[in-house]
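Structure first, commentary second.
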2 protein chains.
Amino acid sequence: MMELPQDTVGAFMTRNIHGGGAGPLGGLDWAAKDLFDLAGEVTGYGNPDWARTHAPAAATAPVVMALLAAGARLVGKTKTVELAFGMTGENVWYGTPLNPRAPDRFPGGSSCGSAAAVAAGLVDFALGSDTGGSVRIPASYCGLFGIRPSHGVISLAGACPLGPSLDTPGWFTRGADLLERIGAVLLPGGAPAEGPLLRVEEAWANADPEVAAVLAAALARLEVDFGPAVGLAAAPEGLKVLQDTYRALQGQEAWAALGGWVAATAPKFGPGVAERFAVARDTPDAAVAAGQAARRRLQARLRPLLAGGAVLVFPTSPSPAPLLAADPDEQQRVRVATLRVTAIASLAGLPEVTLPAGTVGGVPVGLSLVGGVGSDRALLRLAKRAADLLGLG
Amino acid sequence: MMELPQDTVGAFMTRNIHGGGAGPLGGLDWAAKDLFDLAGEVTGYGNPDWARTHAPAAATAPVVMALLAAGARLVGKTKTVELAFGMTGENVWYGTPLNPRAPDRFPGGSSCGSAAAVAAGLVDFALGSDTGGSVRIPASYCGLFGIRPSHGVISLAGACPLGPSLDTPGWFTRGADLLERIGAVLLPGGAPAEGPLLRVEEAWANADPEVAAVLAAALARLEVDFGPAVGLAAAPEGLKVLQDTYRALQGQEAWAALGGWVAATAPKFGPGVAERFAVARDTPDAAVAAGQAARRRLQARLRPLLAGGAVLVFPTSPSPAPLLAADPDEQQRVRVATLRVTAIASLAGLPEVTLPAGTVGGVPVGLSLVGGVGSDRALLRLAKRAADLLGLG
């Protein structure tokens, strides 16, 4: 793109051009979630008080540098849910980005602007971050490909933290090819992800029936080539324990990372965010200890199971994007049901790729593939193959 | 043992002492199934016409040499089902060995004499072989520990073949310690087997309810230490497909290996054996081709799943040993139900250890642990830990 198109979906915070040249990503435009530092610019983190109380960044985040070095042209910074602490994509301060695939519905968050910008075709790809689903969920809601890599394989230096033991960067594309090409720039090679497919029974049961039905049809198509999926009861402790575990660990870390600023600044927050920080602040020590033990058990269970190339498969989000008009109770129901499933990869530190594998009443829903630790590159190849089989381009 | 005890259970074919000296197995007495060659002796293979038409072996089988070199004293050769082609342990020519734990029931086969000799305390351990369960089933029926190693890791040179792509040696002990010590002599190190435990749902459903109940209690005890078992629908094609696959591949190989001798010699066979060879001879080419494809699919599914250390767990035999008085229909029912489960490790080439984890009405039943290819040594360590947890010594 030679000129920047109009921001038809309200995705951007700022639009400053950086880089653009030769390289493996040469000729591509991209945007970065406004929690990654760009030297000389204030990182806004989705909240006016945050922007007001923070100086311009001294250095550019290494992951941003890597993408610039690969030749991609950065055209701006995209909106995030304030302090990345939310899943619908709502931002009352700067306006919630439009979901281009379902304008009466939320775009998903917290990487809402990044998803909206890609889905609207404003950029070729966008960088986001994912703690409990903040790439995977907007990708599912906006009909995009998205990846949350293995925890720790891409530096988060120069990125605002939410839960450091859970945070990862991630990116969105409209096609599986580019998703993989970006992985070739950012990710090391390593572990296999070649199947078999393991159908996580609890996650399928947790999905809305119409979501499960649409994605089961996609899975059936994949099974023709990958062989029959193996049913796996992956969470004998129950998905609620995973959700409680996620909430305790993320809460404790969010308060440790951001509580000092919240307490000192008493920032104005949009609906629900202050309440989430209050819950985070009050996370009981016992819940954190229990959560750490539960996470170790989950890792001890899933990591060996996937080390040889097996891949979990399940609906990325149990529901399509909630309506903008949904009441808070319905939003909370969706949030809880979603975290029960996104917690799997978040807690286990595993890479997850979501494919826009279907629609329910015209609204997109994603199918997730989760590989073993370090299988990111192989998982992207597998996702490309799956996308080809599903005719997703 | 300085003197050879009386053969109270009719386990032995011949009783000739070989070896015995210093080494990791020094001081231990053992016996070998009469399908392993001992130089200068006729290998009888359980059938008088086989013995009559075969010259004394020119060389001793390498696996026998290895055990002798480790200092163990070989005290004789044990009965086998004729041509190893049967699962109850019956031998009408030499007498069916007694099951010391259930004298009114079959000992299990085809390594019946080896199991009976160990269960009766006549030897410390015994060597058998396993194609479709010939170590695992008599171990389960006689209340013993037994292992079928990864296919191909221990030489079967000098052992009579039944289905070369399925045949393995194997051994029986009364304790997990010795099972592992023998593994240290015969097996290479290699892949991990540390859990998680994967409960093969189809195999549990295939077991008699009272067998499943007893072994589920044992599994629950293991879960306290190993973490909750993960439910796995490992055979989406159905266990019957695995049984059909086993039957086609084993039939084709058995006829290829032994059909020439059977056709030329027209040997007298005990009940059922001639019929099994007739079925083997008539195995349709299409069934073999389909079986090879099904085996590849099973291997492609299970091998990656277990490569990282995960371990399948299920009842070794779906029933306790059949009564000697059971009619042929009941024997056939048990045989079919058993092969549906033993086919898993046989077809996938995986190591399986069975532990004498319970009794049903006083009759032993085994619990199996199946690890990844090459995980044999680690699987034996895991079995030792499981035996300790279950108080099996």
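Every chain in the structure tokens takes a letter, A first, then B, and so on in the order presented; its residues are numbered from 1, and the ligands are numbered from 1 following the presented order.
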Do you know which residues are at most 7 Å from range 313-316 of chain B counting only C-alpha atoms, after dropping those on the same chain fewer than 5 positions away, and could you put them as a compact mmCIF listing (two decimals) with C-alpha atoms, in the first residue's frame?
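Output below, filename out.txt:
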# COMPACT_ATOMS: atom_id res chain seq x y z
CA ARG B 136 0.93 -60.55 28.68
CA ILE B 137 -2.01 -62.93 28.91
CA SER B 140 -2.35 -61.66 33.77
CA LEU B 197 -1.38 -41.90 32.36
CA LEU B 198 -3.84 -42.22 29.49
CA ARG B 199 -6.85 -44.39 30.24
CA VAL B 200 -7.74 -46.19 26.99
CA ALA B 203 -10.17 -51.22 26.54
CA TRP B 204 -11.82 -50.45 29.87
CA ALA B 207 -13.28 -55.60 30.03
CA ALA B 212 -12.72 -53.15 35.24
CA LEU B 215 -8.43 -52.48 38.19
CA THR B 354 1.54 -56.03 33.01
CA GLY B 366 -3.35 -57.71 35.31
CA LEU B 367 -3.15 -53.99 34.73
CA SER B 368 -1.12 -52.92 31.69
CA LEU B 369 1.12 -49.95 31.13
CA VAL B 370 2.09 -49.24 27.51
Output as a ChimeraX atom specification all residues of range 170-200 of chain A that backbone DSSP marks as alpha helix (DSSP H). /A:176-186
Only N, CA and C atoms, please: the residues just picked out, written as a compact mmCIF listing (two decimals), in the first residue's frame.
# COMPACT_ATOMS: atom_id res chain seq x y z
N ALA A 176 -3.24 -18.26 6.02
CA ALA A 176 -2.31 -19.10 6.76
C ALA A 176 -0.87 -18.95 6.27
N ASP A 177 -0.73 -18.62 5.00
CA ASP A 177 0.62 -18.44 4.43
C ASP A 177 1.40 -17.37 5.15
N LEU A 178 0.77 -16.21 5.27
CA LEU A 178 1.47 -15.08 5.91
C LEU A 178 1.68 -15.34 7.39
N LEU A 179 0.70 -15.98 8.01
CA LEU A 179 0.87 -16.33 9.43
C LEU A 179 2.18 -17.09 9.62
N GLU A 180 2.41 -18.02 8.69
CA GLU A 180 3.61 -18.85 8.76
C GLU A 180 4.87 -18.05 8.40
N ARG A 181 4.76 -17.17 7.40
CA ARG A 181 5.94 -16.39 7.00
C ARG A 181 6.42 -15.50 8.15
N ILE A 182 5.49 -14.95 8.90
CA ILE A 182 5.88 -14.14 10.06
C ILE A 182 6.54 -15.01 11.11
N GLY A 183 6.00 -16.22 11.27
CA GLY A 183 6.62 -17.17 12.20
C GLY A 183 8.05 -17.48 11.82
N ALA A 184 8.32 -17.54 10.53
CA ALA A 184 9.69 -17.83 10.07
C ALA A 184 10.65 -16.70 10.46
N VAL A 185 10.11 -15.49 10.65
CA VAL A 185 10.94 -14.36 11.08
C VAL A 185 11.14 -14.36 12.59
N LEU A 186 10.10 -14.70 13.32
CA LEU A 186 10.12 -14.49 14.77
C LEU A 186 10.41 -15.74 15.60
Those of range 224-375 of chain A in DSSP strand (DSSP E or B), formatted as a list of chain:residue names: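 Assigned to strand (DSSP E or B), within range 224-375 of chain A: A:Val230, A:Gly231, A:Leu232, A:Ala233, A:Val311, A:Leu312, A:Val313, A:Phe314, A:Pro315, A:Leu323, A:Glu352, A:Val353, A:Thr354, A:Leu355, A:Pro356, A:Ala357, A:Gly358, A:Thr359, A:Val360, A:Val363, A:Pro364, A:Val365, A:Gly366, A:Leu367, A:Ser368, A:Leu369, A:Val370.
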Interface, chain A side, toward chain B (6 Å; only C-alpha atoms) as a list in words: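 Every residue meeting the condition is included here: Pro196, Val230, Gly231, Leu232, Ala233, Ala234, Arg301, Pro304, Leu305, Ala307, Gly308, Gly309 and Ala310 of chain A.
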With a cut-off of 9 Å, could you pull out the residues of range 47-93 of chain A touching range 247-266 of chain A and give me the nearest pair of atoms for each, distance in Å to one decimal, using only C-alpha atoms, ordered by chain and ascending number, as JSON lines?
{"residue": "A:Asp49", "atom": "CA", "partner": "A:Thr265", "partner_atom": "CA", "distance": 7.8}
{"residue": "A:Trp50", "atom": "CA", "partner": "A:Trp261", "partner_atom": "CA", "distance": 8.7}
{"residue": "A:Thr53", "atom": "CA", "partner": "A:Thr265", "partner_atom": "CA", "distance": 8.3}
{"residue": "A:Leu83", "atom": "CA", "partner": "A:Leu258", "partner_atom": "CA", "distance": 8.6}
{"residue": "A:Phe85", "atom": "CA", "partner": "A:Ala254", "partner_atom": "CA", "distance": 8.8}
Can you write just those residues out, N, CA and C atoms, as a compact mmCIF listing (two decimals), in the first residue's frame?
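Saved as result-v5.txt:
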# COMPACT_ATOMS: atom_id res chain seq x y z
N ASP A 49 -5.06 7.73 31.43
CA ASP A 49 -4.22 8.01 32.59
C ASP A 49 -2.86 7.33 32.48
N TRP A 50 -2.86 6.17 31.84
CA TRP A 50 -1.58 5.50 31.59
C TRP A 50 -0.72 6.37 30.67
N THR A 53 0.69 9.46 32.37
CA THR A 53 1.68 9.26 33.43
C THR A 53 2.94 8.53 32.95
N LEU A 83 -5.09 -1.59 29.65
CA LEU A 83 -4.18 -2.47 30.37
C LEU A 83 -4.38 -3.95 29.97
N PHE A 85 -6.74 -5.73 29.97
CA PHE A 85 -7.47 -6.51 30.97
C PHE A 85 -8.93 -6.65 30.57
Per-residue nearest contacts of range 336-384 of chain B to range 388-391 of chain B (10 Å; only C-alpha atoms) as CSV:
residue,atom,partner,partner_atom,distance
B:Leu355,CA,B:Leu390,CA,9.6
B:Pro356,CA,B:Leu390,CA,9.6
B:Ala357,CA,B:Leu390,CA,7.2
B:Gly358,CA,B:Leu390,CA,9.5
B:Leu382,CA,B:Asp388,CA,9.8
B:Ala383,CA,B:Asp388,CA,8.5
B:Lys384,CA,B:Asp388,CA,6.2
Selected residue of minimal separation from Thr359 in chain B among B:Glu275, B:Asp244, B:Asp37, B:Glu210, counting only C-alpha atoms: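 Closest candidate: B:Glu210.
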Please, what distance in Å, to one decimal, runs between CA of Thr78 in chain B and CA of Ala31 in chain B? 6.5 Å
Of the candidates A:Gly189, A:Pro164, A:Gly20, A:Gly40, which one gets nearest to Ala58 in chain A if we count only C-alpha atoms?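 Among the listed residues, the smallest separation from Ala58 in chain A belongs to A:Gly40.
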May I ask for the distance between CA of Arg105 in chain B and CA of Ala218 in chain B, given in Å to one decimal place?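 Taking CA of Arg105 in chain B as the start and CA of Ala218 in chain B as the end point, the length is 23.7 Å.
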Interatomic distance (Å, one decimal) between CA of Asp327 in chain A and CA of Tyr45 in chain A: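 Value for the CA of Asp327 in chain A-CA of Tyr45 in chain A distance: 25.6 Å.
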If we count only C-alpha atoms and set the cut-off at 10 Å, which residues sit around Gly362 in chain B, ignoring sequence neighbours fewer than 4 positions away in its own chain? Please answer as a compact mmCIF listing (two decimals) with C-alpha atoms, in the first residue's frame.
# COMPACT_ATOMS: atom_id res chain seq x y z
CA ARG B 101 -3.05 -69.36 41.14
CA ALA B 102 -6.22 -70.96 39.79
CA PRO B 320 -9.61 -63.64 34.28
CA GLY B 358 -5.92 -57.34 41.46
Residue neighbourhood Met87 in chain B, 6 Å, only C-alpha atoms, exclusion window fewer than 3 positions, as number ranges by chain: B: 108-110
Residues within 9 Å of Asp29 in chain A, only C-alpha atoms, excluding chain neighbours under 2 positions, as a ChimeraX atom specification: /A:1,20,25-27,31,72-75,122-126
Would you kindly return, as a list of chain:residue names, each protein, DNA or RNA residue with an atom no farther than 12 Å from any atom of Leu323 in chain B, considering only C-alpha atoms and excluding same-chain residues fewer than 4 positions away?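 My list of contacting residues is B:Thr88, B:Gly89, B:Glu90, B:Leu98, B:Asn99, B:Ala102, B:Pro103, B:Asp104, B:Arg105, B:Phe106, B:Pro107, B:Gly108, B:Tyr141, B:Ser319, B:Asp327, B:Pro328, B:Glu330, B:Gln331, B:Val334, B:Val363.
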With distances taken over only C-alpha atoms, the candidate from B:Gly163, B:Ala119, B:Gly76, B:Pro62 nearest Val9 in chain B is B:Ala119
May I have the residues within 7 Å of His151 in chain B as JSON, numbers by chain, using only C-alpha atoms and disregarding those fewer than 3 positions away in the same chain? {"B": [166, 168, 349, 350]}
